[in-house]
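Undergrad: Pasting in a structure now, in structure tokens, and then I'll have a few things to ask.
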Amino acid sequence: MDIKEKDNKINLLEYDADGLKPIIEGLGMKPYRAAQICRWIYSEGADSFAAMTDISKADREALRESAEICPPELSERIVSHDKTEKYLFSLQDGERVESVLIPDEDRLTLCISSQAGCALGCRFCLTGAGGIRRNLLPHEITGQVFKTERIIAGGLAERTEAGLPAKITNIVMMGMGEPLMNAGNVFEALKRLMSPKMFNISSRRITLSTAGIVPGIKALGDSGLNVNLAVSINAPNDEIRDRIMPINKKYPLKELIKALKNYPLAPRRRITVEYVMLNGINDRVEHAAELGRLLRGLRCKINLIIFNEHVGSEFRKPEAASVLAFQERLHNMNYTAFIRESRGADILAACGQLRGISARKALTEAPPGV
């Protein structure tokens with residue numbers, strides 16, 4: 001039994017700004033109260049009705065009796081030596097997901113999850129080892145942002161003293177799950193994140209990462225959401241990609257690249273090609289040349305991601321010299337290629353390391369089936 005069923009209260013976070021209006025009217029209040037409540041929740045950071053001082057005492061009491069502001073519950077917070085923070089959130093049905101907060105000098109990026117687990121089973125990814133449990137609902141996706149904002153606000157003085165950014169500036173949908181396998185809920189969550197009445201985050205500061213779900217890429221392009229698109233290619237040919245990413249057998253590289261070339265890009269935007277480098281598998285110079293040929297004609301930049309080793313994995317991180325040679329070959333083919341060392345690897349917060357269980361437990365055990 002979830003919290004809402006247990007206490008029969010309406011969780012206001014389940015609704016977008018327009019959806020709040022009939023809820024508020026149903027509680028006997030004037031429709032304009034919905035905009036006030038939305039402002040208090042999303043702009044002012046209120047987590048109780050008592051704080052909503054321009055709402056009458058009677059209406060606040062009606063809200064207290066019938067509604068609640070119920071974000072995911074923080075089950076665990078762990079901080080990396082590089083200041084990356086990983087949060088384990090518990091949802092109302094007891095399911096758990098993870099988010100990662102990554103500080104930089106000029107930005108504060110939150111990596112959020114779209115599913116509990118993942119069905120794709122990429123062999124280098126720890127998340128998929130436990131399979132898929134369920135899709136997240138829109139408010140469970142945005143709830144990770146909502147709750148993290150409150151965590152940041154609660155430690156604002158300490159963050160300022162440590163010279164850390166104090167406000168989330170960027171969202172990357174690169175956590176647990178494949179976003180385009182939960183497209184309906186993810187698209188709705190993106191609308192809420194960008195809504196001026198809610199989180200008010202620019203589409204230019206939101207990135208969705210996919211393993212290459214071709215129909216989903218087309219749907220995202222048709223949606224008009226205009227967020228940044230990142231695609232995990234991870235191999236220069238179907239033979240290697242079939243081995244490490246089973247989804248390639250359904251959507252092979254030829255189809256994927258065609259979908260990417262047809263994707264509607266705004267001016268000065270590029271698709272981000274993510275390439276996880278695995279020692280002896282996909283990290284040779286000839287692989288770089290083949291990748292360059294594969295991507296020819298695609299407006300893109302390439303992020304070379306050093307594989308994050310974890311207990312039970314069959315793969316190893318590449319040699320530094322191999323990574324540099326790979327990058328140089330791409331540069332010589334006139335590609336923009338960056339080497340990305342993932343943050344938070346020591347707490348299993350880096351790319352492909354999220355599992356939705358206690359980080360302290362995950363650091364000491366192999367994933368199921370490995």
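Chain labels follow the order of the structure tokens: the first chain is A, the next B, and so on; residue numbering restarts at 1 in every chain, and ligands are counted from 1 in their shown order.
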Which residues come within 9 Å of Ser43 in chain A, counting only C-alpha atoms, excluding same-chain residues fewer than 3 positions away, as a PyMOL selection string?
TA: chain A and resi 38-40+46+197-200
Undergrad: Those selected residues, please, written with N, CA and C atoms and delivered as a compact mmCIF listing (two decimals), in the first residue's frame.
TA:
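See result-v7.txt below for the written result:
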```
# COMPACT_ATOMS: atom_id res chain seq x y z
N CYS A 38 1.35 26.51 -7.05
CA CYS A 38 2.42 26.09 -7.94
C CYS A 38 3.67 26.95 -7.73
N ARG A 39 3.46 28.26 -7.59
CA ARG A 39 4.59 29.17 -7.36
C ARG A 39 5.27 28.84 -6.04
N TRP A 40 4.49 28.60 -5.01
CA TRP A 40 5.08 28.28 -3.71
C TRP A 40 5.89 26.99 -3.77
N ALA A 46 8.61 25.81 -1.11
CA ALA A 46 7.82 25.44 0.07
C ALA A 46 7.57 23.93 0.09
N LYS A 197 6.02 27.66 -15.18
CA LYS A 197 5.23 27.60 -13.96
C LYS A 197 5.74 26.56 -12.98
N MET A 198 6.70 25.74 -13.45
CA MET A 198 7.20 24.67 -12.59
C MET A 198 8.71 24.81 -12.41
N PHE A 199 9.52 23.98 -13.04
CA PHE A 199 10.97 24.01 -12.80
C PHE A 199 11.69 25.07 -13.63
N ASN A 200 11.12 25.43 -14.77
CA ASN A 200 11.63 26.53 -15.59
C ASN A 200 13.09 26.33 -16.00
```
Undergrad: Please identify all polymer residues within 7 Å of range 7-18 of chain A, counting only C-alpha atoms, omitting same-chain residues fewer than 3 positions from it, and present them as a PDB file with C-alpha atoms, in the first residue's frame.
TA:
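result_34.pdb written:
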```pdb
ATOM      1  CA  ILE A   3       1.429   6.550   1.036  1.00  0.00           C
ATOM      2  CA  LYS A   4      -1.392   8.091  -0.955  1.00  0.00           C
ATOM      3  CA  LYS A  21      -6.613  23.646 -11.247  1.00  0.00           C
ATOM      4  CA  CYS A  38       2.425  26.086  -7.944  1.00  0.00           C
ATOM      5  CA  SER A  66      -6.785  16.717   1.887  1.00  0.00           C
ATOM      6  CA  ALA A  67      -3.453  17.134   0.109  1.00  0.00           C
ATOM      7  CA  GLU A  68       0.279  16.718   0.587  1.00  0.00           C
ATOM      8  CA  ILE A  69       3.597  17.564  -1.034  1.00  0.00           C
ATOM      9  CA  CYS A  70       5.185  14.144  -1.168  1.00  0.00           C
ATOM     10  CA  HIS A 139       6.176  13.021 -11.079  1.00  0.00           C
ATOM     11  CA  ARG A 192       7.205  19.911 -16.562  1.00  0.00           C
ATOM     12  CA  LYS A 197       5.226  27.603 -13.956  1.00  0.00           C
ATOM     13  CA  MET A 198       7.198  24.667 -12.586  1.00  0.00           C
TER      14      MET A 198
END
```
Undergrad: Looking only at alpha helix (DSSP H) from DSSP on the backbone, list the matching residues of range 85-325 of chain A as a PDB file with N, CA and C atoms, in the first residue's frame.
TA:
```pdb
ATOM      1  N   PRO A 138       5.706  10.442 -14.521  1.00  0.00           N
ATOM      2  CA  PRO A 138       6.282  11.783 -14.674  1.00  0.00           C
ATOM      3  C   PRO A 138       6.696  12.439 -13.363  1.00  0.00           C
ATOM      4  N   HIS A 139       5.835  12.350 -12.342  1.00  0.00           N
ATOM      5  CA  HIS A 139       6.176  13.021 -11.079  1.00  0.00           C
ATOM      6  C   HIS A 139       7.299  12.305 -10.330  1.00  0.00           C
ATOM      7  N   GLU A 140       7.532  11.020 -10.632  1.00  0.00           N
ATOM      8  CA  GLU A 140       8.652  10.322 -10.016  1.00  0.00           C
ATOM      9  C   GLU A 140       9.970  10.724 -10.675  1.00  0.00           C
ATOM     10  N   ILE A 141       9.896  11.084 -11.950  1.00  0.00           N
ATOM     11  CA  ILE A 141      11.082  11.578 -12.659  1.00  0.00           C
ATOM     12  C   ILE A 141      11.415  12.991 -12.183  1.00  0.00           C
ATOM     13  N   THR A 142      10.432  13.885 -12.240  1.00  0.00           N
ATOM     14  CA  THR A 142      10.674  15.262 -11.791  1.00  0.00           C
ATOM     15  C   THR A 142      10.872  15.337 -10.285  1.00  0.00           C
ATOM     16  N   GLY A 143      10.325  14.365  -9.564  1.00  0.00           N
ATOM     17  CA  GLY A 143      10.484  14.350  -8.103  1.00  0.00           C
ATOM     18  C   GLY A 143      11.936  14.244  -7.673  1.00  0.00           C
ATOM     19  N   GLN A 144      12.770  13.620  -8.500  1.00  0.00           N
ATOM     20  CA  GLN A 144      14.204  13.548  -8.188  1.00  0.00           C
ATOM     21  C   GLN A 144      14.828  14.940  -8.195  1.00  0.00           C
ATOM     22  N   VAL A 145      14.370  15.778  -9.125  1.00  0.00           N
ATOM     23  CA  VAL A 145      14.849  17.155  -9.190  1.00  0.00           C
ATOM     24  C   VAL A 145      14.320  17.949  -8.005  1.00  0.00           C
ATOM     25  N   PHE A 146      13.020  17.801  -7.748  1.00  0.00           N
ATOM     26  CA  PHE A 146      12.378  18.508  -6.632  1.00  0.00           C
ATOM     27  C   PHE A 146      13.082  18.199  -5.312  1.00  0.00           C
ATOM     28  N   LYS A 147      13.294  16.913  -5.048  1.00  0.00           N
ATOM     29  CA  LYS A 147      13.895  16.517  -3.773  1.00  0.00           C
ATOM     30  C   LYS A 147      15.345  16.982  -3.684  1.00  0.00           C
ATOM     31  N   THR A 148      16.090  16.879  -4.774  1.00  0.00           N
ATOM     32  CA  THR A 148      17.491  17.307  -4.764  1.00  0.00           C
ATOM     33  C   THR A 148      17.593  18.811  -4.509  1.00  0.00           C
ATOM     34  N   GLU A 149      16.677  19.596  -5.074  1.00  0.00           N
ATOM     35  CA  GLU A 149      16.678  21.032  -4.814  1.00  0.00           C
ATOM     36  C   GLU A 149      16.517  21.310  -3.323  1.00  0.00           C
ATOM     37  N   ARG A 150      15.695  20.525  -2.660  1.00  0.00           N
ATOM     38  CA  ARG A 150      15.493  20.712  -1.205  1.00  0.00           C
ATOM     39  C   ARG A 150      16.723  20.286  -0.418  1.00  0.00           C
ATOM     40  N   ILE A 151      17.386  19.233  -0.876  1.00  0.00           N
ATOM     41  CA  ILE A 151      18.618  18.791  -0.224  1.00  0.00           C
ATOM     42  C   ILE A 151      19.678  19.889  -0.336  1.00  0.00           C
ATOM     43  N   ILE A 152      19.791  20.469  -1.521  1.00  0.00           N
ATOM     44  CA  ILE A 152      20.758  21.550  -1.734  1.00  0.00           C
ATOM     45  C   ILE A 152      20.430  22.738  -0.842  1.00  0.00           C
ATOM     46  N   ALA A 153      19.149  23.115  -0.800  1.00  0.00           N
ATOM     47  CA  ALA A 153      18.734  24.264   0.021  1.00  0.00           C
ATOM     48  C   ALA A 153      19.034  24.025   1.492  1.00  0.00           C
ATOM     49  N   GLY A 154      18.896  22.765   1.932  1.00  0.00           N
ATOM     50  CA  GLY A 154      19.144  22.454   3.337  1.00  0.00           C
ATOM     51  C   GLY A 154      20.602  22.569   3.734  1.00  0.00           C
ATOM     52  N   LEU A 156      22.784  24.810   2.125  1.00  0.00           N
ATOM     53  CA  LEU A 156      23.241  25.933   1.306  1.00  0.00           C
ATOM     54  C   LEU A 156      24.481  26.605   1.873  1.00  0.00           C
ATOM     55  N   ALA A 157      24.496  26.827   3.177  1.00  0.00           N
ATOM     56  CA  ALA A 157      25.634  27.525   3.785  1.00  0.00           C
ATOM     57  C   ALA A 157      26.919  26.732   3.603  1.00  0.00           C
ATOM     58  N   GLU A 158      26.832  25.427   3.821  1.00  0.00           N
ATOM     59  CA  GLU A 158      28.019  24.583   3.682  1.00  0.00           C
ATOM     60  C   GLU A 158      28.500  24.537   2.239  1.00  0.00           C
ATOM     61  N   ARG A 159      27.556  24.502   1.293  1.00  0.00           N
ATOM     62  CA  ARG A 159      27.936  24.469  -0.112  1.00  0.00           C
ATOM     63  C   ARG A 159      28.626  25.771  -0.512  1.00  0.00           C
ATOM     64  N   THR A 160      28.083  26.875  -0.046  1.00  0.00           N
ATOM     65  CA  THR A 160      28.674  28.180  -0.367  1.00  0.00           C
ATOM     66  C   THR A 160      30.082  28.287   0.213  1.00  0.00           C
ATOM     67  N   GLU A 161      30.229  27.837   1.441  1.00  0.00           N
ATOM     68  CA  GLU A 161      31.545  27.894   2.092  1.00  0.00           C
ATOM     69  C   GLU A 161      32.563  27.024   1.370  1.00  0.00           C
ATOM     70  N   ALA A 183       8.839   6.540 -23.118  1.00  0.00           N
ATOM     71  CA  ALA A 183       8.784   7.842 -23.784  1.00  0.00           C
ATOM     72  C   ALA A 183       7.629   8.716 -23.314  1.00  0.00           C
ATOM     73  N   GLY A 184       6.439   8.166 -23.173  1.00  0.00           N
ATOM     74  CA  GLY A 184       5.290   8.983 -22.786  1.00  0.00           C
ATOM     75  C   GLY A 184       5.499   9.694 -21.462  1.00  0.00           C
ATOM     76  N   ASN A 185       5.922   8.942 -20.463  1.00  0.00           N
ATOM     77  CA  ASN A 185       6.158   9.537 -19.144  1.00  0.00           C
ATOM     78  C   ASN A 185       7.350  10.483 -19.157  1.00  0.00           C
ATOM     79  N   VAL A 186       8.389  10.116 -19.905  1.00  0.00           N
ATOM     80  CA  VAL A 186       9.583  10.961 -19.978  1.00  0.00           C
ATOM     81  C   VAL A 186       9.264  12.283 -20.667  1.00  0.00           C
ATOM     82  N   PHE A 187       8.520  12.248 -21.772  1.00  0.00           N
ATOM     83  CA  PHE A 187       8.186  13.486 -22.487  1.00  0.00           C
ATOM     84  C   PHE A 187       7.359  14.411 -21.594  1.00  0.00           C
ATOM     85  N   GLU A 188       6.417  13.829 -20.855  1.00  0.00           N
ATOM     86  CA  GLU A 188       5.614  14.643 -19.938  1.00  0.00           C
ATOM     87  C   GLU A 188       6.488  15.242 -18.844  1.00  0.00           C
ATOM     88  N   ALA A 189       7.425  14.465 -18.324  1.00  0.00           N
ATOM     89  CA  ALA A 189       8.343  14.977 -17.305  1.00  0.00           C
ATOM     90  C   ALA A 189       9.188  16.119 -17.862  1.00  0.00           C
ATOM     91  N   LEU A 190       9.649  15.984 -19.104  1.00  0.00           N
ATOM     92  CA  LEU A 190      10.445  17.044 -19.726  1.00  0.00           C
ATOM     93  C   LEU A 190       9.632  18.325 -19.857  1.00  0.00           C
ATOM     94  N   LYS A 191       8.361  18.212 -20.222  1.00  0.00           N
ATOM     95  CA  LYS A 191       7.502  19.392 -20.317  1.00  0.00           C
ATOM     96  C   LYS A 191       7.417  20.088 -18.955  1.00  0.00           C
ATOM     97  N   ARG A 192       7.300  19.325 -17.900  1.00  0.00           N
ATOM     98  CA  ARG A 192       7.205  19.911 -16.562  1.00  0.00           C
ATOM     99  C   ARG A 192       8.519  20.565 -16.151  1.00  0.00           C
ATOM    100  N   LEU A 193       9.633  19.933 -16.503  1.00  0.00           N
ATOM    101  CA  LEU A 193      10.936  20.512 -16.169  1.00  0.00           C
ATOM    102  C   LEU A 193      11.140  21.847 -16.879  1.00  0.00           C
ATOM    103  N   MET A 194      10.600  21.985 -18.090  1.00  0.00           N
ATOM    104  CA  MET A 194      10.783  23.215 -18.859  1.00  0.00           C
ATOM    105  C   MET A 194       9.697  24.254 -18.598  1.00  0.00           C
ATOM    106  N   VAL A 214      15.313   3.560 -32.123  1.00  0.00           N
ATOM    107  CA  VAL A 214      15.054   4.324 -33.341  1.00  0.00           C
ATOM    108  C   VAL A 214      13.666   4.968 -33.360  1.00  0.00           C
ATOM    109  N   PRO A 215      12.567   4.231 -33.076  1.00  0.00           N
ATOM    110  CA  PRO A 215      11.250   4.896 -33.087  1.00  0.00           C
ATOM    111  C   PRO A 215      11.161   6.003 -32.028  1.00  0.00           C
ATOM    112  N   GLY A 216      11.832   5.805 -30.905  1.00  0.00           N
ATOM    113  CA  GLY A 216      11.822   6.818 -29.850  1.00  0.00           C
ATOM    114  C   GLY A 216      12.554   8.081 -30.255  1.00  0.00           C
ATOM    115  N   ILE A 217      13.636   7.921 -31.013  1.00  0.00           N
ATOM    116  CA  ILE A 217      14.376   9.086 -31.495  1.00  0.00           C
ATOM    117  C   ILE A 217      13.493   9.908 -32.428  1.00  0.00           C
ATOM    118  N   LYS A 218      12.766   9.217 -33.306  1.00  0.00           N
ATOM    119  CA  LYS A 218      11.844   9.931 -34.195  1.00  0.00           C
ATOM    120  C   LYS A 218      10.748  10.619 -33.387  1.00  0.00           C
ATOM    121  N   ALA A 219      10.208   9.928 -32.387  1.00  0.00           N
ATOM    122  CA  ALA A 219       9.143  10.520 -31.564  1.00  0.00           C
ATOM    123  C   ALA A 219       9.650  11.741 -30.810  1.00  0.00           C
ATOM    124  N   LEU A 220      10.876  11.671 -30.321  1.00  0.00           N
ATOM    125  CA  LEU A 220      11.451  12.816 -29.624  1.00  0.00           C
ATOM    126  C   LEU A 220      11.610  13.995 -30.586  1.00  0.00           C
ATOM    127  N   GLY A 221      12.084  13.713 -31.788  1.00  0.00           N
ATOM    128  CA  GLY A 221      12.223  14.771 -32.780  1.00  0.00           C
ATOM    129  C   GLY A 221      10.893  15.396 -33.150  1.00  0.00           C
ATOM    130  N   ASP A 222       9.833  14.575 -33.204  1.00  0.00           N
ATOM    131  CA  ASP A 222       8.502  15.064 -33.566  1.00  0.00           C
ATOM    132  C   ASP A 222       7.815  15.787 -32.409  1.00  0.00           C
ATOM    133  N   SER A 223       8.317  15.593 -31.193  1.00  0.00           N
ATOM    134  CA  SER A 223       7.638  16.129 -30.006  1.00  0.00           C
ATOM    135  C   SER A 223       7.763  17.636 -29.863  1.00  0.00           C
ATOM    136  N   ASP A 238      28.517  -3.248 -36.456  1.00  0.00           N
ATOM    137  CA  ASP A 238      27.458  -4.073 -35.874  1.00  0.00           C
ATOM    138  C   ASP A 238      28.010  -5.283 -35.131  1.00  0.00           C
ATOM    139  N   GLU A 239      29.114  -5.834 -35.605  1.00  0.00           N
ATOM    140  CA  GLU A 239      29.665  -7.031 -34.960  1.00  0.00           C
ATOM    141  C   GLU A 239      30.012  -6.752 -33.499  1.00  0.00           C
ATOM    142  N   ILE A 240      30.727  -5.653 -33.247  1.00  0.00           N
ATOM    143  CA  ILE A 240      31.099  -5.320 -31.872  1.00  0.00           C
ATOM    144  C   ILE A 240      29.880  -4.858 -31.087  1.00  0.00           C
ATOM    145  N   ARG A 241      29.040  -4.056 -31.724  1.00  0.00           N
ATOM    146  CA  ARG A 241      27.883  -3.523 -30.993  1.00  0.00           C
ATOM    147  C   ARG A 241      26.894  -4.623 -30.633  1.00  0.00           C
ATOM    148  N   ASP A 242      26.714  -5.611 -31.508  1.00  0.00           N
ATOM    149  CA  ASP A 242      25.853  -6.753 -31.179  1.00  0.00           C
ATOM    150  C   ASP A 242      26.349  -7.449 -29.919  1.00  0.00           C
ATOM    151  N   ARG A 243      27.664  -7.533 -29.781  1.00  0.00           N
ATOM    152  CA  ARG A 243      28.251  -8.253 -28.653  1.00  0.00           C
ATOM    153  C   ARG A 243      28.028  -7.515 -27.337  1.00  0.00           C
ATOM    154  N   ILE A 244      28.156  -6.197 -27.357  1.00  0.00           N
ATOM    155  CA  ILE A 244      28.109  -5.461 -26.090  1.00  0.00           C
ATOM    156  C   ILE A 244      26.768  -4.768 -25.838  1.00  0.00           C
ATOM    157  N   LEU A 253      23.165  -0.363 -36.585  1.00  0.00           N
ATOM    158  CA  LEU A 253      23.780   0.949 -36.766  1.00  0.00           C
ATOM    159  C   LEU A 253      23.281   1.692 -38.005  1.00  0.00           C
ATOM    160  N   LYS A 254      23.041   0.997 -39.095  1.00  0.00           N
ATOM    161  CA  LYS A 254      22.569   1.678 -40.306  1.00  0.00           C
ATOM    162  C   LYS A 254      21.260   2.407 -40.045  1.00  0.00           C
ATOM    163  N   GLU A 255      20.321   1.731 -39.364  1.00  0.00           N
ATOM    164  CA  GLU A 255      19.034   2.354 -39.038  1.00  0.00           C
ATOM    165  C   GLU A 255      19.207   3.482 -38.029  1.00  0.00           C
ATOM    166  N   LEU A 256      20.079   3.259 -37.054  1.00  0.00           N
ATOM    167  CA  LEU A 256      20.296   4.262 -36.014  1.00  0.00           C
ATOM    168  C   LEU A 256      20.900   5.534 -36.600  1.00  0.00           C
ATOM    169  N   ILE A 257      21.925   5.400 -37.404  1.00  0.00           N
ATOM    170  CA  ILE A 257      22.580   6.577 -37.987  1.00  0.00           C
ATOM    171  C   ILE A 257      21.603   7.332 -38.891  1.00  0.00           C
ATOM    172  N   LYS A 258      20.768   6.607 -39.635  1.00  0.00           N
ATOM    173  CA  LYS A 258      19.767   7.257 -40.477  1.00  0.00           C
ATOM    174  C   LYS A 258      18.798   8.074 -39.626  1.00  0.00           C
ATOM    175  N   ALA A 259      18.358   7.505 -38.495  1.00  0.00           N
ATOM    176  CA  ALA A 259      17.445   8.230 -37.606  1.00  0.00           C
ATOM    177  C   ALA A 259      18.103   9.481 -37.038  1.00  0.00           C
ATOM    178  N   LEU A 260      19.388   9.383 -36.728  1.00  0.00           N
ATOM    179  CA  LEU A 260      20.106  10.533 -36.180  1.00  0.00           C
ATOM    180  C   LEU A 260      20.277  11.625 -37.238  1.00  0.00           C
ATOM    181  N   LYS A 261      20.546  11.229 -38.461  1.00  0.00           N
ATOM    182  CA  LYS A 261      20.702  12.230 -39.520  1.00  0.00           C
ATOM    183  C   LYS A 261      19.382  12.925 -39.836  1.00  0.00           C
ATOM    184  N   VAL A 285      42.998   2.189 -32.805  1.00  0.00           N
ATOM    185  CA  VAL A 285      42.989   3.296 -33.755  1.00  0.00           C
ATOM    186  C   VAL A 285      42.129   2.963 -34.974  1.00  0.00           C
ATOM    187  N   GLU A 286      42.187   1.713 -35.418  1.00  0.00           N
ATOM    188  CA  GLU A 286      41.368   1.324 -36.570  1.00  0.00           C
ATOM    189  C   GLU A 286      39.873   1.419 -36.255  1.00  0.00           C
ATOM    190  N   HIS A 287      39.524   1.227 -34.972  1.00  0.00           N
ATOM    191  CA  HIS A 287      38.127   1.413 -34.568  1.00  0.00           C
ATOM    192  C   HIS A 287      37.741   2.883 -34.666  1.00  0.00           C
ATOM    193  N   ALA A 288      38.674   3.775 -34.295  1.00  0.00           N
ATOM    194  CA  ALA A 288      38.416   5.210 -34.396  1.00  0.00           C
ATOM    195  C   ALA A 288      38.173   5.610 -35.844  1.00  0.00           C
ATOM    196  N   ALA A 289      38.991   5.094 -36.742  1.00  0.00           N
ATOM    197  CA  ALA A 289      38.827   5.413 -38.161  1.00  0.00           C
ATOM    198  C   ALA A 289      37.485   4.898 -38.679  1.00  0.00           C
ATOM    199  N   GLU A 290      37.111   3.708 -38.246  1.00  0.00           N
ATOM    200  CA  GLU A 290      35.832   3.132 -38.676  1.00  0.00           C
ATOM    201  C   GLU A 290      34.669   3.939 -38.111  1.00  0.00           C
ATOM    202  N   LEU A 291      34.804   4.387 -36.866  1.00  0.00           N
ATOM    203  CA  LEU A 291      33.770   5.221 -36.257  1.00  0.00           C
ATOM    204  C   LEU A 291      33.621   6.528 -37.031  1.00  0.00           C
ATOM    205  N   GLY A 292      34.744   7.125 -37.388  1.00  0.00           N
ATOM    206  CA  GLY A 292      34.706   8.363 -38.162  1.00  0.00           C
ATOM    207  C   GLY A 292      33.970   8.198 -39.472  1.00  0.00           C
ATOM    208  N   ARG A 293      34.191   7.083 -40.132  1.00  0.00           N
ATOM    209  CA  ARG A 293      33.494   6.830 -41.397  1.00  0.00           C
ATOM    210  C   ARG A 293      31.995   6.616 -41.166  1.00  0.00           C
ATOM    211  N   LEU A 294      31.670   5.931 -40.063  1.00  0.00           N
ATOM    212  CA  LEU A 294      30.266   5.669 -39.732  1.00  0.00           C
ATOM    213  C   LEU A 294      29.491   6.969 -39.517  1.00  0.00           C
ATOM    214  N   ALA A 320      45.753   4.461 -21.223  1.00  0.00           N
ATOM    215  CA  ALA A 320      45.707   5.896 -21.518  1.00  0.00           C
ATOM    216  C   ALA A 320      46.216   6.204 -22.924  1.00  0.00           C
ATOM    217  N   ALA A 321      47.265   5.516 -23.333  1.00  0.00           N
ATOM    218  CA  ALA A 321      47.835   5.746 -24.669  1.00  0.00           C
ATOM    219  C   ALA A 321      46.830   5.399 -25.765  1.00  0.00           C
ATOM    220  N   SER A 322      46.034   4.360 -25.557  1.00  0.00           N
ATOM    221  CA  SER A 322      45.030   3.965 -26.545  1.00  0.00           C
ATOM    222  C   SER A 322      43.952   5.036 -26.675  1.00  0.00           C
ATOM    223  N   VAL A 323      43.555   5.597 -25.541  1.00  0.00           N
ATOM    224  CA  VAL A 323      42.523   6.638 -25.550  1.00  0.00           C
ATOM    225  C   VAL A 323      43.009   7.866 -26.308  1.00  0.00           C
ATOM    226  N   LEU A 324      44.240   8.276 -26.039  1.00  0.00           N
ATOM    227  CA  LEU A 324      44.802   9.452 -26.701  1.00  0.00           C
ATOM    228  C   LEU A 324      44.962   9.228 -28.200  1.00  0.00           C
ATOM    229  N   ALA A 325      45.394   8.034 -28.576  1.00  0.00           N
ATOM    230  CA  ALA A 325      45.549   7.726 -29.998  1.00  0.00           C
ATOM    231  C   ALA A 325      44.191   7.700 -30.698  1.00  0.00           C
TER     232      ALA A 325
END
```
Undergrad: Skipping near chain neighbours, those fewer than 6 positions away, what residues fall within 12 Å of Asp104 in chain A using only C-alpha atoms, listed as a compact mmCIF listing (two decimals) with N, CA and C atoms, in the first residue's frame?
TA:
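Wrote selection-v3.txt, looks like this:
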```
# COMPACT_ATOMS: atom_id res chain seq x y z
N ASP A 82 35.53 13.44 -5.25
CA ASP A 82 35.53 14.55 -6.20
C ASP A 82 34.31 15.46 -6.05
N LYS A 83 33.58 15.29 -4.93
CA LYS A 83 32.41 16.11 -4.55
C LYS A 83 31.13 15.72 -5.27
N THR A 84 31.19 14.71 -6.14
CA THR A 84 29.96 14.17 -6.71
C THR A 84 29.12 13.55 -5.59
N LEU A 110 22.41 17.58 -12.57
CA LEU A 110 21.75 16.46 -11.91
C LEU A 110 21.43 15.40 -12.96
N GLY A 163 32.58 26.49 -1.77
CA GLY A 163 32.74 26.97 -3.14
C GLY A 163 32.01 26.13 -4.16
N LEU A 164 30.96 25.43 -3.74
CA LEU A 164 30.20 24.59 -4.66
C LEU A 164 28.98 25.34 -5.19
N PRO A 165 28.56 25.07 -6.44
CA PRO A 165 27.36 25.71 -6.98
C PRO A 165 26.15 25.41 -6.09
N ALA A 166 25.24 26.37 -6.01
CA ALA A 166 24.12 26.25 -5.09
C ALA A 166 22.78 26.07 -5.78
N LYS A 167 22.76 25.90 -7.10
CA LYS A 167 21.52 25.75 -7.82
C LYS A 167 21.72 24.80 -9.01
N ILE A 168 20.79 23.88 -9.20
CA ILE A 168 20.86 22.98 -10.35
C ILE A 168 20.72 23.79 -11.63
N THR A 169 21.68 23.64 -12.52
CA THR A 169 21.65 24.38 -13.79
C THR A 169 21.36 23.47 -14.98
N ASN A 170 21.72 22.20 -14.87
CA ASN A 170 21.59 21.28 -16.01
C ASN A 170 20.99 19.96 -15.56
N ARG A 343 32.63 11.09 -13.32
CA ARG A 343 32.76 11.51 -11.93
C ARG A 343 32.09 10.49 -11.00
```
Undergrad: Step one, run DSSP on the backbone; step two, keep only residues of range 45-186 of chain A assigned to strand (DSSP E); then write them as a ChimeraX atom specification.
TA: /A:67-68,73-79,85-90,96-103,108-111,115-117,132-135,170-173
Undergrad: Counting only C-alpha atoms, which residue out of A:Ala211, A:Ile37, A:Ala266, A:Val227 sits closest to Ile55 in chain A?
TA: A:Ile37
Undergrad: Find the residues near Lys317 in chain A: any atom within 6 Å, counting only C-alpha atoms, skip ones fewer than 2 places away on the same chain, and give them as a ChimeraX atom specification.
TA: /A:278-279,307
Undergrad: Residues within 10 Å of Val231 in chain A, please, as a list in words. Count only C-alpha atoms; anything in the same chain fewer than 6 positions from it doesn't count.
TA: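 Listed by chain and then number, they are Leu208, Ser209, Thr210, Ala211, Gly212, Ile213, Ile217, Leu256, Leu260, Ile271, Thr272, Val273, Glu274, Tyr275 and Ile302 of chain A.
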Undergrad: With C-alpha atoms retained, could you export that selection as a PDB file, in the first residue's frame?
TA:
```
ATOM      1  CA  LEU A 208      18.333  12.943 -22.957  1.00  0.00           C
ATOM      2  CA  SER A 209      20.606   9.950 -23.499  1.00  0.00           C
ATOM      3  CA  THR A 210      19.473   6.850 -25.375  1.00  0.00           C
ATOM      4  CA  ALA A 211      21.038   3.531 -26.347  1.00  0.00           C
ATOM      5  CA  GLY A 212      19.520   3.948 -29.807  1.00  0.00           C
ATOM      6  CA  ILE A 213      15.767   3.284 -29.764  1.00  0.00           C
ATOM      7  CA  ILE A 217      14.376   9.086 -31.495  1.00  0.00           C
ATOM      8  CA  LEU A 256      20.296   4.262 -36.014  1.00  0.00           C
ATOM      9  CA  LEU A 260      20.106  10.533 -36.180  1.00  0.00           C
ATOM     10  CA  ILE A 271      24.083  15.333 -31.306  1.00  0.00           C
ATOM     11  CA  THR A 272      26.424  13.969 -28.660  1.00  0.00           C
ATOM     12  CA  VAL A 273      27.847  10.565 -29.570  1.00  0.00           C
ATOM     13  CA  GLU A 274      28.825   8.676 -26.422  1.00  0.00           C
ATOM     14  CA  TYR A 275      31.503   6.036 -26.811  1.00  0.00           C
ATOM     15  CA  ILE A 302      32.020  12.697 -29.591  1.00  0.00           C
TER      16      ILE A 302
END
```
Undergrad: Name all residues at most 6 Å from range 90-101 of chain A (count only C-alpha atoms; drop same-chain ones fewer than 2 positions away) and give them as a ChimeraX atom specification.
TA: /A:2-3,72-73,84-88,109-112,116,356
Undergrad: Rank A:Leu295, A:Ile206, A:Gly130, A:Pro196 by their smallest atom-to-atom distance to Asn237 in chain A, using only C-alpha atoms, and report the top residue only.
TA: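 Residue with the minimum atom-to-atom distance to Asn237 in chain A: A:Leu295.
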